[in-house]
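Trainee: Sharing a structure, written as structure tokens. Questions coming.
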Amino acid sequence: MLNLYKLGKLSLNETLDEIIKDKNQESMDIDRKKEINESKKNLENIIKELDSLIGLKNVKSLVKEIQAFVEIQEKRKEANLLTDPVVLHMIFKGSPGTGKTTVARLIGKILKEMGVLEKGHIVEVERADIVGEYIGHTAVKVKQQIKKALGGILFIDEAYSLARGGEKDFGKEAIDALVKAMEDNKDNLVLILAGYNDEMENFLKINPGLKSRFPIHVEFRDYSINELINIAEEMANKKEYKLTDKAIHKLETILEAKNNHKNIGNARFVRNMVERSIRKQAVRLQGKSSLNRDDLIFIKEEDIEGDDIY
Ligand SMILES: Nc1ncnc2c1ncn2[C@@H]1O[C@H](COP(=O)(O)OP(=O)(O)OP(=O)(O)O)[C@@H](O)[C@H]1O
Ligand SMILES: [Mg+2]
């Protein structure tokens, strides 16, 4: 630049302008690099969080598959190769408390860091939030929720209930409005329909047009007793509590008994048990004159009492 100035090819003002432009570009490049590094670090942390969840082997590998797919499609695009459209609408099948919301939240964060979604937040709704009670009401309700979810994930719990009620019900109208919204906002909204396995299968059968719009199906299996115990221990550890061996044994007995009647609420049931036991420990300790560190840390057998939670 300076040479051009010296040669008289650029005026002083032009030279200064060019130098400032160069400097700006340089600092923009540095900012961009910083941003990319930060996203990478965030992404690593989110994946760590995902990996720290107990069990969910198939879910974890699927999430990583999605992440890899998005990344490689982006690289192919840069190399001017053909790309598959990144359609990430998903069906989550599984019982309550099997980690669906937890995983959806992590996926939102991953897609944000990857630049697929602007915000990556999750808006959780159920039938009553999107199905209206009179003509025209449904469209307004769906629109409101879509607006909230733009840039993130719209998560519809017990989605099969939209097909409830037959022809006169507004559920069908809600489905149609959702499909339209998916098309209109295909670059900035991910839709997740969640619900029990069989009900979701049925729902997709009644609405064959929907199935092809949701290419990703994730199955959340019920946790084994062992996994539930690990989840309980992990939850306690995170709060700096520990379960004694006897407490674990009691928890196991309760879970086994519950397991005979299906639908024990899975991880949510365990969370309620752990939270309850923390309160019970507090009551047991309250009023004692001297408490050592271990007293404060350990949850004992008598603190575990879960039967009346559900
Ligand atoms: N694999 C896991 N490891 C550790 N904690 C878990 C795991 N799965 C679920 N949890 C915990 O269990 C609780 C319930 O999980 P979550 O809300 O994600 O379930 P859900 O499938 O969305 O349930 P629902 O269908 O009732 O909404 C949460 O507190 C979550 O942190
Ligand atoms: Mg949930």
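Ordering of the structure tokens sets the chain letters (A, B, ...), residue numbers begin anew at 1 in every chain, and ligands are numbered from 1 in the order given.
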Extract, using only C-alpha atoms, all DNA, RNA and protein residues at most 6 Å from region 126-137 of chain A, discarding same-chain residues fewer than 5 positions from it, and format them as a CSV table (one decimal) with C-alpha atoms, in the first residue's frame.

Mentor:
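Result file around_22.csv:
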chain,number,residue,atom,x,y,z
A,142,VAL,CA,-49.6,-22.9,16.5
A,156,ILE,CA,-44.3,-31.7,21.2
A,157,ASP,CA,-44.9,-34.1,24.0
A,170,PHE,CA,-58.9,-29.4,15.8
A,171,GLY,CA,-55.9,-31.7,16.3
A,174,ALA,CA,-52.8,-28.3,14.3

Trainee: So which residues touch region 234-243 of chain A within 9 Å, counting only C-alpha atoms, skipping near sequence neighbours fewer than 4 positions away, as JSON, numbers by chain?

Mentor: {"A": [54, 229, 230, 247, 248, 271, 274, 275, 278, 296, 297, 298, 299, 300, 301]}

Trainee: Using the selection just defined, write its residues with C-alpha atoms as a PDB file, in the first residue's frame.

Mentor:
ATOM      1  CA  ILE A  54     -26.150 -43.134  32.073  1.00  0.00           C
ATOM      2  CA  ILE A 229     -29.177 -47.154  40.459  1.00  0.00           C
ATOM      3  CA  ASN A 230     -26.287 -45.521  38.610  1.00  0.00           C
ATOM      4  CA  ALA A 247     -29.414 -47.375  50.974  1.00  0.00           C
ATOM      5  CA  ILE A 248     -28.571 -48.573  47.464  1.00  0.00           C
ATOM      6  CA  ARG A 271     -34.882 -38.314  40.853  1.00  0.00           C
ATOM      7  CA  VAL A 274     -33.208 -39.019  45.642  1.00  0.00           C
ATOM      8  CA  GLU A 275     -34.695 -35.595  46.338  1.00  0.00           C
ATOM      9  CA  ILE A 278     -32.237 -35.708  50.908  1.00  0.00           C
ATOM     10  CA  LEU A 296     -23.987 -34.590  56.286  1.00  0.00           C
ATOM     11  CA  ILE A 297     -22.901 -36.530  53.214  1.00  0.00           C
ATOM     12  CA  PHE A 298     -24.397 -39.990  53.627  1.00  0.00           C
ATOM     13  CA  ILE A 299     -27.959 -40.942  52.740  1.00  0.00           C
ATOM     14  CA  LYS A 300     -28.882 -43.987  54.799  1.00  0.00           C
ATOM     15  CA  GLU A 301     -31.275 -46.840  54.321  1.00  0.00           C
TER      16      GLU A 301
END

Trainee: Write out, as JSON lines, each residue of chain A that has an atom at most 12 Å from ligand 2, together with the closest pair of atoms and their distance in Å to one decimal, counting only C-alpha atoms and all ligand atoms, rows going by chain and rising number.

Mentor:
{"residue": "A:Phe92", "atom": "CA", "partner": "ligand 2", "partner_atom_place_in_ligand_line": "1 (Mg)", "distance": 10.3}
{"residue": "A:Lys93", "atom": "CA", "partner": "ligand 2", "partner_atom_place_in_ligand_line": "1 (Mg)", "distance": 11.3}
{"residue": "A:Gly94", "atom": "CA", "partner": "ligand 2", "partner_atom_place_in_ligand_line": "1 (Mg)", "distance": 10.1}
{"residue": "A:Ser95", "atom": "CA", "partner": "ligand 2", "partner_atom_place_in_ligand_line": "1 (Mg)", "distance": 9.5}
{"residue": "A:Pro96", "atom": "CA", "partner": "ligand 2", "partner_atom_place_in_ligand_line": "1 (Mg)", "distance": 6.8}
{"residue": "A:Gly97", "atom": "CA", "partner": "ligand 2", "partner_atom_place_in_ligand_line": "1 (Mg)", "distance": 6.7}
{"residue": "A:Thr98", "atom": "CA", "partner": "ligand 2", "partner_atom_place_in_ligand_line": "1 (Mg)", "distance": 8.2}
{"residue": "A:Gly99", "atom": "CA", "partner": "ligand 2", "partner_atom_place_in_ligand_line": "1 (Mg)", "distance": 7.0}
{"residue": "A:Lys100", "atom": "CA", "partner": "ligand 2", "partner_atom_place_in_ligand_line": "1 (Mg)", "distance": 5.5}
{"residue": "A:Thr101", "atom": "CA", "partner": "ligand 2", "partner_atom_place_in_ligand_line": "1 (Mg)", "distance": 4.1}
{"residue": "A:Thr102", "atom": "CA", "partner": "ligand 2", "partner_atom_place_in_ligand_line": "1 (Mg)", "distance": 7.2}
{"residue": "A:Val103", "atom": "CA", "partner": "ligand 2", "partner_atom_place_in_ligand_line": "1 (Mg)", "distance": 9.3}
{"residue": "A:Ala104", "atom": "CA", "partner": "ligand 2", "partner_atom_place_in_ligand_line": "1 (Mg)", "distance": 8.9}
{"residue": "A:Arg105", "atom": "CA", "partner": "ligand 2", "partner_atom_place_in_ligand_line": "1 (Mg)", "distance": 10.0}
{"residue": "A:Ile122", "atom": "CA", "partner": "ligand 2", "partner_atom_place_in_ligand_line": "1 (Mg)", "distance": 11.1}
{"residue": "A:Val123", "atom": "CA", "partner": "ligand 2", "partner_atom_place_in_ligand_line": "1 (Mg)", "distance": 11.0}
{"residue": "A:Glu124", "atom": "CA", "partner": "ligand 2", "partner_atom_place_in_ligand_line": "1 (Mg)", "distance": 8.0}
{"residue": "A:Val125", "atom": "CA", "partner": "ligand 2", "partner_atom_place_in_ligand_line": "1 (Mg)", "distance": 9.8}
{"residue": "A:Glu126", "atom": "CA", "partner": "ligand 2", "partner_atom_place_in_ligand_line": "1 (Mg)", "distance": 10.4}
{"residue": "A:Phe155", "atom": "CA", "partner": "ligand 2", "partner_atom_place_in_ligand_line": "1 (Mg)", "distance": 8.9}
{"residue": "A:Ile156", "atom": "CA", "partner": "ligand 2", "partner_atom_place_in_ligand_line": "1 (Mg)", "distance": 9.3}
{"residue": "A:Asp157", "atom": "CA", "partner": "ligand 2", "partner_atom_place_in_ligand_line": "1 (Mg)", "distance": 6.9}
{"residue": "A:Glu158", "atom": "CA", "partner": "ligand 2", "partner_atom_place_in_ligand_line": "1 (Mg)", "distance": 9.4}
{"residue": "A:Ala159", "atom": "CA", "partner": "ligand 2", "partner_atom_place_in_ligand_line": "1 (Mg)", "distance": 11.9}
{"residue": "A:Ile192", "atom": "CA", "partner": "ligand 2", "partner_atom_place_in_ligand_line": "1 (Mg)", "distance": 11.3}
{"residue": "A:Leu193", "atom": "CA", "partner": "ligand 2", "partner_atom_place_in_ligand_line": "1 (Mg)", "distance": 11.0}
{"residue": "A:Ala194", "atom": "CA", "partner": "ligand 2", "partner_atom_place_in_ligand_line": "1 (Mg)", "distance": 8.4}
{"residue": "A:Gly195", "atom": "CA", "partner": "ligand 2", "partner_atom_place_in_ligand_line": "1 (Mg)", "distance": 9.2}
{"residue": "A:Tyr196", "atom": "CA", "partner": "ligand 2", "partner_atom_place_in_ligand_line": "1 (Mg)", "distance": 11.4}
{"residue": "A:Phe220", "atom": "CA", "partner": "ligand 2", "partner_atom_place_in_ligand_line": "1 (Mg)", "distance": 11.6}
{"residue": "A:Gly265", "atom": "CA", "partner": "ligand 2", "partner_atom_place_in_ligand_line": "1 (Mg)", "distance": 11.1}
{"residue": "A:Asn266", "atom": "CA", "partner": "ligand 2", "partner_atom_place_in_ligand_line": "1 (Mg)", "distance": 11.7}
{"residue": "A:Ala267", "atom": "CA", "partner": "ligand 2", "partner_atom_place_in_ligand_line": "1 (Mg)", "distance": 11.0}
{"residue": "A:Arg268", "atom": "CA", "partner": "ligand 2", "partner_atom_place_in_ligand_line": "1 (Mg)", "distance": 9.5}

Trainee: DSSP says helix (DSSP H, G or I) for which residues of region 38-279 of chain A? Put them as a PyMOL selection string?

Mentor: chain A and resi 38-52+57-78+100-113+127-130+137-149+159-163+171-184+197-206+208-211+225-238+245-260+266-279

Trainee: So that I have them on file, write out the residues from the current selection with C-alpha atoms, as a CSV table (one decimal), in the first residue's frame.

Mentor:
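Dumped to out-v4.csv:
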chain,number,residue,atom,x,y,z
A,38,GLU,CA,-15.2,-21.1,21.3
A,39,SER,CA,-17.9,-23.1,19.5
A,40,LYS,CA,-15.5,-26.1,19.3
A,41,LYS,CA,-14.9,-26.0,23.0
A,42,ASN,CA,-18.6,-25.6,23.8
A,43,LEU,CA,-19.4,-28.5,21.5
A,44,GLU,CA,-16.8,-30.7,23.3
A,45,ASN,CA,-18.4,-29.8,26.6
A,46,ILE,CA,-21.9,-30.6,25.4
A,47,ILE,CA,-20.8,-33.9,24.0
A,48,LYS,CA,-19.1,-34.6,27.4
A,49,GLU,CA,-22.4,-33.9,29.1
A,50,LEU,CA,-24.2,-36.2,26.7
A,51,ASP,CA,-21.7,-39.0,27.3
A,52,SER,CA,-22.1,-38.5,31.1
A,57,LYS,CA,-26.0,-46.0,24.0
A,58,ASN,CA,-28.1,-45.9,20.9
A,59,VAL,CA,-29.2,-42.3,21.5
A,60,LYS,CA,-25.6,-41.1,22.1
A,61,SER,CA,-24.4,-42.7,18.8
A,62,LEU,CA,-27.3,-41.3,16.9
A,63,VAL,CA,-26.6,-37.8,18.2
A,64,LYS,CA,-23.0,-38.1,17.2
A,65,GLU,CA,-24.1,-39.4,13.8
A,66,ILE,CA,-26.3,-36.3,13.3
A,67,GLN,CA,-23.4,-34.1,14.4
A,68,ALA,CA,-21.0,-35.7,11.9
A,69,PHE,CA,-23.6,-35.6,9.1
A,70,VAL,CA,-24.2,-31.8,9.6
A,71,GLU,CA,-20.4,-31.2,9.7
A,72,ILE,CA,-19.6,-33.1,6.6
A,73,GLN,CA,-22.5,-31.7,4.6
A,74,GLU,CA,-21.1,-28.3,5.4
A,75,LYS,CA,-17.7,-29.3,4.2
A,76,ARG,CA,-19.1,-30.8,1.0
A,77,LYS,CA,-20.9,-27.6,0.3
A,78,GLU,CA,-17.7,-25.7,0.7
A,100,LYS,CA,-36.2,-37.4,26.0
A,101,THR,CA,-36.3,-33.8,27.1
A,102,THR,CA,-32.8,-33.9,28.5
A,103,VAL,CA,-31.4,-35.2,25.1
A,104,ALA,CA,-33.5,-32.7,23.1
A,105,ARG,CA,-32.0,-29.9,25.1
A,106,LEU,CA,-28.5,-31.1,24.4
A,107,ILE,CA,-29.3,-31.5,20.7
A,108,GLY,CA,-30.5,-27.9,20.6
A,109,LYS,CA,-27.2,-26.8,22.1
A,110,ILE,CA,-25.2,-28.9,19.6
A,111,LEU,CA,-27.1,-27.5,16.6
A,112,LYS,CA,-26.5,-24.0,17.9
A,113,GLU,CA,-22.8,-24.5,18.2
A,127,ARG,CA,-51.8,-30.7,22.9
A,128,ALA,CA,-53.5,-28.0,24.9
A,129,ASP,CA,-50.8,-25.4,23.8
A,130,ILE,CA,-51.5,-25.9,20.1
A,137,HIS,CA,-58.1,-20.6,17.3
A,138,THR,CA,-55.7,-23.5,16.4
A,139,ALA,CA,-53.9,-21.6,13.7
A,140,VAL,CA,-53.3,-18.7,16.1
A,141,LYS,CA,-52.0,-21.0,18.9
A,142,VAL,CA,-49.6,-22.9,16.5
A,143,LYS,CA,-48.3,-19.6,15.2
A,144,GLN,CA,-47.6,-18.3,18.7
A,145,GLN,CA,-45.6,-21.4,19.6
A,146,ILE,CA,-43.7,-21.5,16.3
A,147,LYS,CA,-42.7,-17.9,16.9
A,148,LYS,CA,-41.4,-18.8,20.4
A,149,ALA,CA,-39.5,-21.7,19.0
A,159,ALA,CA,-47.8,-35.8,20.0
A,160,TYR,CA,-50.1,-38.7,19.2
A,161,SER,CA,-52.8,-36.9,21.2
A,162,LEU,CA,-53.1,-34.5,18.2
A,163,ALA,CA,-54.8,-37.3,16.3
A,171,GLY,CA,-55.9,-31.7,16.3
A,172,LYS,CA,-55.7,-32.4,12.6
A,173,GLU,CA,-55.7,-28.7,11.9
A,174,ALA,CA,-52.8,-28.3,14.3
A,175,ILE,CA,-50.9,-31.0,12.5
A,176,ASP,CA,-51.5,-29.3,9.1
A,177,ALA,CA,-50.4,-26.0,10.6
A,178,LEU,CA,-47.2,-27.6,12.0
A,179,VAL,CA,-46.4,-29.1,8.6
A,180,LYS,CA,-46.8,-25.8,7.0
A,181,ALA,CA,-44.6,-24.1,9.6
A,182,MET,CA,-41.9,-26.8,9.0
A,183,GLU,CA,-41.8,-25.9,5.3
A,184,ASP,CA,-41.9,-22.1,5.9
A,197,ASN,CA,-43.4,-46.1,21.3
A,198,ASP,CA,-46.7,-47.8,20.2
A,199,GLU,CA,-48.7,-44.7,20.2
A,200,MET,CA,-46.2,-42.9,18.1
A,201,GLU,CA,-46.0,-45.8,15.6
A,202,ASN,CA,-49.8,-45.7,15.3
A,203,PHE,CA,-49.9,-41.9,15.0
A,204,LEU,CA,-47.4,-42.1,12.0
A,205,LYS,CA,-49.5,-44.8,10.4
A,206,ILE,CA,-52.6,-42.6,10.5
A,208,PRO,CA,-48.4,-41.3,6.5
A,209,GLY,CA,-47.5,-37.9,5.1
A,210,LEU,CA,-45.8,-37.1,8.4
A,211,LYS,CA,-43.4,-40.0,8.5
A,225,ILE,CA,-32.5,-51.4,37.4
A,226,ASN,CA,-28.7,-51.2,37.3
A,227,GLU,CA,-28.8,-48.0,35.2
A,228,LEU,CA,-31.4,-46.5,37.5
A,229,ILE,CA,-29.2,-47.2,40.5
A,230,ASN,CA,-26.3,-45.5,38.6
A,231,ILE,CA,-28.5,-42.6,37.8
A,232,ALA,CA,-29.4,-42.2,41.5
A,233,GLU,CA,-25.8,-42.4,42.6
A,234,GLU,CA,-24.8,-39.8,40.0
A,235,MET,CA,-27.6,-37.5,41.0
A,236,ALA,CA,-26.6,-37.8,44.6
A,237,ASN,CA,-22.9,-37.3,43.8
A,238,LYS,CA,-23.6,-34.2,41.8
A,245,ASP,CA,-24.5,-49.6,50.4
A,246,LYS,CA,-27.6,-50.4,52.4
A,247,ALA,CA,-29.4,-47.4,51.0
A,248,ILE,CA,-28.6,-48.6,47.5
A,249,HIS,CA,-29.8,-52.0,48.3
A,250,LYS,CA,-33.1,-50.6,49.6
A,251,LEU,CA,-33.5,-48.5,46.4
A,252,GLU,CA,-32.9,-51.6,44.4
A,253,THR,CA,-35.6,-53.5,46.2
A,254,ILE,CA,-38.1,-50.7,45.7
A,255,LEU,CA,-37.2,-50.4,42.0
A,256,GLU,CA,-37.5,-54.2,41.5
A,257,ALA,CA,-41.0,-54.2,43.1
A,258,LYS,CA,-42.0,-51.2,41.0
A,259,ASN,CA,-40.7,-52.8,37.9
A,260,ASN,CA,-43.4,-55.5,38.1
A,266,ASN,CA,-37.9,-44.3,35.1
A,267,ALA,CA,-35.3,-41.7,35.8
A,268,ARG,CA,-37.8,-39.2,37.0
A,269,PHE,CA,-39.0,-41.6,39.6
A,270,VAL,CA,-35.4,-42.1,40.7
A,271,ARG,CA,-34.9,-38.3,40.9
A,272,ASN,CA,-37.9,-37.9,43.1
A,273,MET,CA,-36.6,-40.7,45.3
A,274,VAL,CA,-33.2,-39.0,45.6
A,275,GLU,CA,-34.7,-35.6,46.3
A,276,ARG,CA,-37.0,-37.1,48.9
A,277,SER,CA,-34.2,-38.9,50.6
A,278,ILE,CA,-32.2,-35.7,50.9
A,279,ARG,CA,-35.2,-34.2,52.8

Trainee: For the structure I just gave you, how does DSSP split region 106-204 of chain A - specifically, which residues are strand (DSSP E)? Reply as a list in words.

Mentor: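 Going through region 106-204 of chain A, the strand (DSSP E) residues come out as Ile122, Val123, Glu124, Val125, Ile153, Leu154, Phe155, Ile156, Val190, Leu191, Ile192, Leu193, Ala194 and Gly195 of chain A.
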
Trainee: Can you work out which one of A:Ala79, A:Asn185, A:Gly115, A:Leu53 has the shortest atom-to-atom distance to ligand 1, counting only C-alpha atoms and all ligand atoms?

Mentor: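 The shortest atom-to-atom distance to ligand 1 comes from A:Leu53.
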
Trainee: One number please: CA of Phe214 (chain A) to CA of Ile91 (chain A), in Å, one decimal.

Mentor: 6.5 Å

Trainee: So that I can check the surroundings of Leu285 (chain A), please list as an MDAnalysis selection string every protein, DNA and RNA residue that reaches within 8 Å of it, counting only C-alpha atoms and ignoring chain neighbours fewer than 3 positions away.

Mentor: chainID A and resid 281:282 288 291 295:296

Trainee: Taking N, CA and C atoms for each residue, export the selection above as a CSV table (one decimal), in the first residue's frame.

Mentor:
chain,number,residue,atom,x,y,z
A,281,GLN,N,-33.1,-37.2,55.1
A,281,GLN,CA,-31.9,-37.1,55.8
A,281,GLN,C,-31.8,-35.9,56.7
A,282,ALA,N,-32.3,-34.8,56.1
A,282,ALA,CA,-32.3,-33.5,56.8
A,282,ALA,C,-33.1,-33.6,58.1
A,288,LYS,N,-29.8,-32.8,66.0
A,288,LYS,CA,-28.7,-33.5,66.6
A,288,LYS,C,-27.6,-32.5,67.0
A,291,LEU,N,-22.6,-32.9,64.4
A,291,LEU,CA,-22.7,-33.5,63.1
A,291,LEU,C,-21.3,-33.5,62.4
A,295,ASP,N,-21.8,-37.5,58.4
A,295,ASP,CA,-23.2,-37.4,58.7
A,295,ASP,C,-24.0,-36.6,57.6
A,296,LEU,N,-23.3,-35.5,57.2
A,296,LEU,CA,-24.0,-34.6,56.3
A,296,LEU,C,-24.0,-35.2,54.9
